[in-house]
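Each remark here refers to the structure printed beneath this line.
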Amino acid sequence: MTDNPASMDALRDRGDELADATVATLFGRGEVGKFNTLMRYVSTVGQDLPEGLPDIAREYLHQTSTPPDWVDWAEMEKARLFFIDNNVHISTALSFASMPACYVVPHVAKLLSATHSLNYPSKRMAETGQFTVYLMRPDAFEAGSRFIPAAQKVRLLHASIRHHLKREGRWDTATLGTPICQEDLIGGQMMFSIQVLDALHRLGIHMSNEGADAYYYAWRVVGAMLGVDQDHVPKDLHRARAFSDSYMTRHMGPSEEGVQLTRRLIDLYEDVVPGTLFDPVVSGLIRYLIGDTCADWLGVPRSNWDTVVKAAPALLGLLETIEDRSPLAAWALDRVGHLTSMLELSSLTRGRVMHYAIPEQLKKDFGVSGTIPPKSRWTPPPATIGQ
């Protein structure tokens with residue numbers, strides 16, 4: 001794996017051959033509606049596939065029904081325990097660091113706008129949160145679990161977006177590359193792994209190298225399940241950080257879609273927080289975790305709470321000290337963390353199970369100019385996100 005411009009440019013022309021062929025056939029035969037209807041009831045590992053499911057979909061589901069043969073299950077268990085110990089902090093990092101990091105990449109913000117995420121950010125956050133919870137369950141890859149079917153459907157969702165944008169001529173492939181290309185898929189993997197870990201560090205969360213390595217490893221497994229070419233994926237945290245920094249410095253910048261997506265995200269979480277007194281905490285956390293430059297690009301408002309939020313590491317450090325000194329306190333704080341995460345997810349899903357379906361069409365008013373802000377306008381510091 002290399003992260004030089006030439007190798008990353010090559011990744012921009014590649015999608016996901018298996019998923020792309022499956023989606024193209026479903027659309028070509030007019031079978032997308034049938035697939036979505038039947039697959040709505042296929043949500044757990046080991047279920048019999050319904051009668052009438054298109055043959056091409058049945059073959060795809062068969063080929064993608066098992067995890068990679070290189071999975072180290074001991075490492076996955078370490079990742080699960082790391083998640084349990086840090087679930088609230090990870091949820092915070094996903095919401096206020098990873099998602100804004102997506103928005104600060106202009107062509108990714110355009111893609112999210114195309115899939116209605118501009119108007120319904122709660123749906124994307126709910127899907128992401130639910131997907132992560134499925135992954136970190138002890139039976140994630142066993143009969144009755146929900147992770148593998150979710151991963152199979154998300155992979156087809158990505159392929160359907162590529163299909164729509166390229167077929168309808170609504171994406172400047174020559175300038176922007178293939179929609180949701182291999183570079184973007186690996187970049188997304190970095191946003192939900194490396195940048196989460198960096199945000200935890202920024203919050204002052206104490207992590208062992210072993211725990212951080214395991215968490216990144218789990219997202220490598222996720223990437224494989226989502227059709228990411230493992231020959232180009234960084235195998236360790238050091239190389240992953242280099243790829244993440246290269247990806248962000250190549251593409252990050254301001255965009256109208258990024259500003260609008262961020263505003264919707266802030267509105268969403270301000271609605272979740274009771275009352276209005278603490279509403280500015282949402283913006284303050286985003287600004288603290290992604291840095292002032294990115295926050296300004298995204299139109300994140302400033303307030304006096306920006307200074308208050310900087311005290312978060314000290315407060316979290318105090319709680320960790322209490323955890324370390326008292327097994328009972330550690331148990332209680334873990335339970336509070338679990339309940340808080342579940343409450344947040346429940347607020348986003350409104351108690352429903354989120355379904356991952358192939359969109360039969362994208363927003364009619366979606367438009368892409370095909371331009372990227374000039375790379376020469378900004379010289380990045382050594383670390384680009386969360387500093």
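We name chains A, B, ... following the order of the structure tokens; residues begin at 1 in each chain, and ligands are numbered from 1 as shown.
When the distance limit is 6 Å and only C-alpha atoms are what count, the residues near stretch 235-248 of chain A, minus those fewer than 4 positions from it on the same chain, are Asp3, Met190 and Met252 of chain A.
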Excluding A:Ile161 and any residue of its chain fewer than 3 positions from it, enumerate the residues within 10 Å of it, using only C-alpha atoms, and give them as an MDAnalysis selection string. chainID A and resid 20 23 111:112 114:115 156:158 164:167 179:180 358:362
Prev. selection, N, CA, C and O atoms, output as a PDB file, in the first residue's frame:
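As written to disk, part_6.pdb reads:
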ATOM      1  N   ASP A  20     -21.076  -3.499  -8.158  1.00  0.00           N
ATOM      2  CA  ASP A  20     -21.489  -2.702  -9.315  1.00  0.00           C
ATOM      3  C   ASP A  20     -22.197  -3.566 -10.357  1.00  0.00           C
ATOM      4  O   ASP A  20     -23.212  -3.156 -10.935  1.00  0.00           O
ATOM      5  N   VAL A  23     -25.753  -4.508  -9.016  1.00  0.00           N
ATOM      6  CA  VAL A  23     -26.702  -3.394  -9.094  1.00  0.00           C
ATOM      7  C   VAL A  23     -27.084  -3.097 -10.543  1.00  0.00           C
ATOM      8  O   VAL A  23     -28.261  -2.862 -10.854  1.00  0.00           O
ATOM      9  N   LEU A 111     -21.882  13.986  -2.537  1.00  0.00           N
ATOM     10  CA  LEU A 111     -22.461  12.642  -2.569  1.00  0.00           C
ATOM     11  C   LEU A 111     -23.510  12.472  -1.476  1.00  0.00           C
ATOM     12  O   LEU A 111     -24.585  11.914  -1.706  1.00  0.00           O
ATOM     13  N   LEU A 112     -23.197  12.936  -0.283  1.00  0.00           N
ATOM     14  CA  LEU A 112     -24.158  12.822   0.817  1.00  0.00           C
ATOM     15  C   LEU A 112     -25.416  13.626   0.526  1.00  0.00           C
ATOM     16  O   LEU A 112     -26.522  13.217   0.869  1.00  0.00           O
ATOM     17  N   ALA A 114     -26.616  14.066  -2.392  1.00  0.00           N
ATOM     18  CA  ALA A 114     -27.342  13.323  -3.430  1.00  0.00           C
ATOM     19  C   ALA A 114     -28.218  12.237  -2.846  1.00  0.00           C
ATOM     20  O   ALA A 114     -29.229  11.861  -3.439  1.00  0.00           O
ATOM     21  N   THR A 115     -27.861  11.720  -1.685  1.00  0.00           N
ATOM     22  CA  THR A 115     -28.617  10.614  -1.105  1.00  0.00           C
ATOM     23  C   THR A 115     -29.567  11.082  -0.004  1.00  0.00           C
ATOM     24  O   THR A 115     -29.896  10.327   0.898  1.00  0.00           O
ATOM     25  N   LEU A 156     -24.219  -2.593  -1.467  1.00  0.00           N
ATOM     26  CA  LEU A 156     -25.074  -2.378  -2.637  1.00  0.00           C
ATOM     27  C   LEU A 156     -25.579  -0.935  -2.705  1.00  0.00           C
ATOM     28  O   LEU A 156     -25.759  -0.394  -3.802  1.00  0.00           O
ATOM     29  N   LEU A 157     -25.795  -0.321  -1.544  1.00  0.00           N
ATOM     30  CA  LEU A 157     -26.200   1.082  -1.522  1.00  0.00           C
ATOM     31  C   LEU A 157     -25.124   1.944  -2.172  1.00  0.00           C
ATOM     32  O   LEU A 157     -25.421   2.817  -2.992  1.00  0.00           O
ATOM     33  N   HIS A 158     -23.875   1.710  -1.822  1.00  0.00           N
ATOM     34  CA  HIS A 158     -22.770   2.452  -2.434  1.00  0.00           C
ATOM     35  C   HIS A 158     -22.754   2.242  -3.950  1.00  0.00           C
ATOM     36  O   HIS A 158     -22.587   3.193  -4.728  1.00  0.00           O
ATOM     37  N   HIS A 164     -26.363   5.422 -10.351  1.00  0.00           N
ATOM     38  CA  HIS A 164     -27.228   6.568 -10.668  1.00  0.00           C
ATOM     39  C   HIS A 164     -26.426   7.737 -11.225  1.00  0.00           C
ATOM     40  O   HIS A 164     -26.763   8.316 -12.262  1.00  0.00           O
ATOM     41  N   LEU A 165     -25.367   8.110 -10.515  1.00  0.00           N
ATOM     42  CA  LEU A 165     -24.629   9.304 -10.895  1.00  0.00           C
ATOM     43  C   LEU A 165     -23.941   9.151 -12.247  1.00  0.00           C
ATOM     44  O   LEU A 165     -23.919  10.081 -13.056  1.00  0.00           O
ATOM     45  N   LYS A 166     -23.392   7.978 -12.513  1.00  0.00           N
ATOM     46  CA  LYS A 166     -22.697   7.773 -13.780  1.00  0.00           C
ATOM     47  C   LYS A 166     -23.680   7.587 -14.938  1.00  0.00           C
ATOM     48  O   LYS A 166     -23.483   8.138 -16.023  1.00  0.00           O
ATOM     49  N   ARG A 167     -24.767   6.849 -14.700  1.00  0.00           N
ATOM     50  CA  ARG A 167     -25.732   6.597 -15.773  1.00  0.00           C
ATOM     51  C   ARG A 167     -26.442   7.879 -16.191  1.00  0.00           C
ATOM     52  O   ARG A 167     -26.699   8.097 -17.380  1.00  0.00           O
ATOM     53  N   PRO A 179     -17.624   7.858  -8.516  1.00  0.00           N
ATOM     54  CA  PRO A 179     -18.299   8.126  -7.232  1.00  0.00           C
ATOM     55  C   PRO A 179     -18.067   6.983  -6.238  1.00  0.00           C
ATOM     56  O   PRO A 179     -18.157   5.808  -6.606  1.00  0.00           O
ATOM     57  N   ILE A 180     -17.794   7.329  -5.001  1.00  0.00           N
ATOM     58  CA  ILE A 180     -17.487   6.350  -3.949  1.00  0.00           C
ATOM     59  C   ILE A 180     -16.455   5.362  -4.479  1.00  0.00           C
ATOM     60  O   ILE A 180     -16.655   4.142  -4.473  1.00  0.00           O
ATOM     61  N   ILE A 358     -31.574  -0.135  -1.618  1.00  0.00           N
ATOM     62  CA  ILE A 358     -31.045   0.461  -2.837  1.00  0.00           C
ATOM     63  C   ILE A 358     -31.989   1.573  -3.276  1.00  0.00           C
ATOM     64  O   ILE A 358     -33.170   1.307  -3.546  1.00  0.00           O
ATOM     65  N   PRO A 359     -31.540   2.817  -3.341  1.00  0.00           N
ATOM     66  CA  PRO A 359     -32.426   3.896  -3.787  1.00  0.00           C
ATOM     67  C   PRO A 359     -32.752   3.726  -5.274  1.00  0.00           C
ATOM     68  O   PRO A 359     -31.859   3.529  -6.090  1.00  0.00           O
ATOM     69  N   GLU A 360     -34.037   3.808  -5.602  1.00  0.00           N
ATOM     70  CA  GLU A 360     -34.442   3.655  -6.999  1.00  0.00           C
ATOM     71  C   GLU A 360     -34.190   4.922  -7.800  1.00  0.00           C
ATOM     72  O   GLU A 360     -34.160   4.897  -9.023  1.00  0.00           O
ATOM     73  N   GLN A 361     -34.014   6.046  -7.097  1.00  0.00           N
ATOM     74  CA  GLN A 361     -33.629   7.287  -7.763  1.00  0.00           C
ATOM     75  C   GLN A 361     -32.980   8.204  -6.736  1.00  0.00           C
ATOM     76  O   GLN A 361     -33.158   8.010  -5.532  1.00  0.00           O
ATOM     77  N   LEU A 362     -32.212   9.178  -7.212  1.00  0.00           N
ATOM     78  CA  LEU A 362     -31.604  10.161  -6.336  1.00  0.00           C
ATOM     79  C   LEU A 362     -32.386  11.455  -6.422  1.00  0.00           C
ATOM     80  O   LEU A 362     -33.354  11.575  -7.183  1.00  0.00           O
TER      81      LEU A 362
END
Pull the closest atom pair for each residue of stretch 145-197 of chain A that gets at most 12 Å from stretch 275-296 of chain A, along with the distance in Å to one decimal, counting only C-alpha atoms, ordering rows by chain and then ascending residue number, as a tab-separated table.
residue	atom	partner	partner_atom	distance
A:Met191	CA	A:Ile290	CA	11.6
A:Gln195	CA	A:Ile290	CA	9.4
A:Val196	CA	A:Leu289	CA	9.8
A:Leu197	CA	A:Leu289	CA	11.2
Excluding A:Tyr217 and residues on its chain fewer than 6 positions from it, collect all residues at most 10 Å away from it, counting only C-alpha atoms, and give them as a ChimeraX atom specification. /A:71-72,75-76,78-79,193,211,223,235-237
Print the selection's residues with N, CA, C and O atoms to a file, as a PDB file, in the first residue's frame.
ATOM      1  N   VAL A  71      -9.461 -13.095   9.168  1.00  0.00           N
ATOM      2  CA  VAL A  71      -9.881 -12.432  10.414  1.00  0.00           C
ATOM      3  C   VAL A  71      -9.268 -13.124  11.635  1.00  0.00           C
ATOM      4  O   VAL A  71      -9.319 -14.350  11.778  1.00  0.00           O
ATOM      5  N   ASP A  72      -8.707 -12.319  12.511  1.00  0.00           N
ATOM      6  CA  ASP A  72      -8.172 -12.775  13.795  1.00  0.00           C
ATOM      7  C   ASP A  72      -9.250 -12.513  14.841  1.00  0.00           C
ATOM      8  O   ASP A  72      -9.484 -11.364  15.238  1.00  0.00           O
ATOM      9  N   GLU A  75      -8.367 -10.673  18.037  1.00  0.00           N
ATOM     10  CA  GLU A  75      -8.227  -9.234  17.838  1.00  0.00           C
ATOM     11  C   GLU A  75      -9.600  -8.565  17.789  1.00  0.00           C
ATOM     12  O   GLU A  75      -9.796  -7.458  18.322  1.00  0.00           O
ATOM     13  N   MET A  76     -10.566  -9.232  17.177  1.00  0.00           N
ATOM     14  CA  MET A  76     -11.920  -8.680  17.125  1.00  0.00           C
ATOM     15  C   MET A  76     -12.538  -8.600  18.519  1.00  0.00           C
ATOM     16  O   MET A  76     -13.279  -7.663  18.830  1.00  0.00           O
ATOM     17  N   LYS A  78     -10.817  -8.104  21.269  1.00  0.00           N
ATOM     18  CA  LYS A  78     -10.174  -6.937  21.887  1.00  0.00           C
ATOM     19  C   LYS A  78     -10.859  -5.643  21.432  1.00  0.00           C
ATOM     20  O   LYS A  78     -11.058  -4.712  22.224  1.00  0.00           O
ATOM     21  N   ALA A  79     -11.212  -5.585  20.161  1.00  0.00           N
ATOM     22  CA  ALA A  79     -11.892  -4.398  19.634  1.00  0.00           C
ATOM     23  C   ALA A  79     -13.250  -4.215  20.295  1.00  0.00           C
ATOM     24  O   ALA A  79     -13.650  -3.093  20.626  1.00  0.00           O
ATOM     25  N   SER A 193     -12.180   5.235  11.829  1.00  0.00           N
ATOM     26  CA  SER A 193     -11.235   4.501  12.670  1.00  0.00           C
ATOM     27  C   SER A 193     -10.148   5.442  13.189  1.00  0.00           C
ATOM     28  O   SER A 193     -10.197   5.881  14.345  1.00  0.00           O
ATOM     29  N   GLY A 211      -5.432  -1.684  22.456  1.00  0.00           N
ATOM     30  CA  GLY A 211      -6.843  -1.387  22.210  1.00  0.00           C
ATOM     31  C   GLY A 211      -7.049  -0.595  20.943  1.00  0.00           C
ATOM     32  O   GLY A 211      -7.968  -0.873  20.152  1.00  0.00           O
ATOM     33  N   GLY A 223     -14.059  -2.783   6.235  1.00  0.00           N
ATOM     34  CA  GLY A 223     -13.717  -2.382   4.876  1.00  0.00           C
ATOM     35  C   GLY A 223     -13.756  -3.553   3.913  1.00  0.00           C
ATOM     36  O   GLY A 223     -14.273  -3.438   2.788  1.00  0.00           O
ATOM     37  N   LYS A 235      -2.158  -1.474   6.739  1.00  0.00           N
ATOM     38  CA  LYS A 235      -2.295  -2.626   7.639  1.00  0.00           C
ATOM     39  C   LYS A 235      -2.063  -2.278   9.104  1.00  0.00           C
ATOM     40  O   LYS A 235      -2.347  -3.098   9.980  1.00  0.00           O
ATOM     41  N   ASP A 236      -1.558  -1.091   9.391  1.00  0.00           N
ATOM     42  CA  ASP A 236      -1.319  -0.724  10.781  1.00  0.00           C
ATOM     43  C   ASP A 236      -1.612   0.764  10.969  1.00  0.00           C
ATOM     44  O   ASP A 236      -1.817   1.503  10.002  1.00  0.00           O
ATOM     45  N   LEU A 237      -1.636   1.184  12.227  1.00  0.00           N
ATOM     46  CA  LEU A 237      -2.031   2.556  12.549  1.00  0.00           C
ATOM     47  C   LEU A 237      -1.071   3.587  11.971  1.00  0.00           C
ATOM     48  O   LEU A 237      -1.501   4.661  11.534  1.00  0.00           O
TER      49      LEU A 237
END
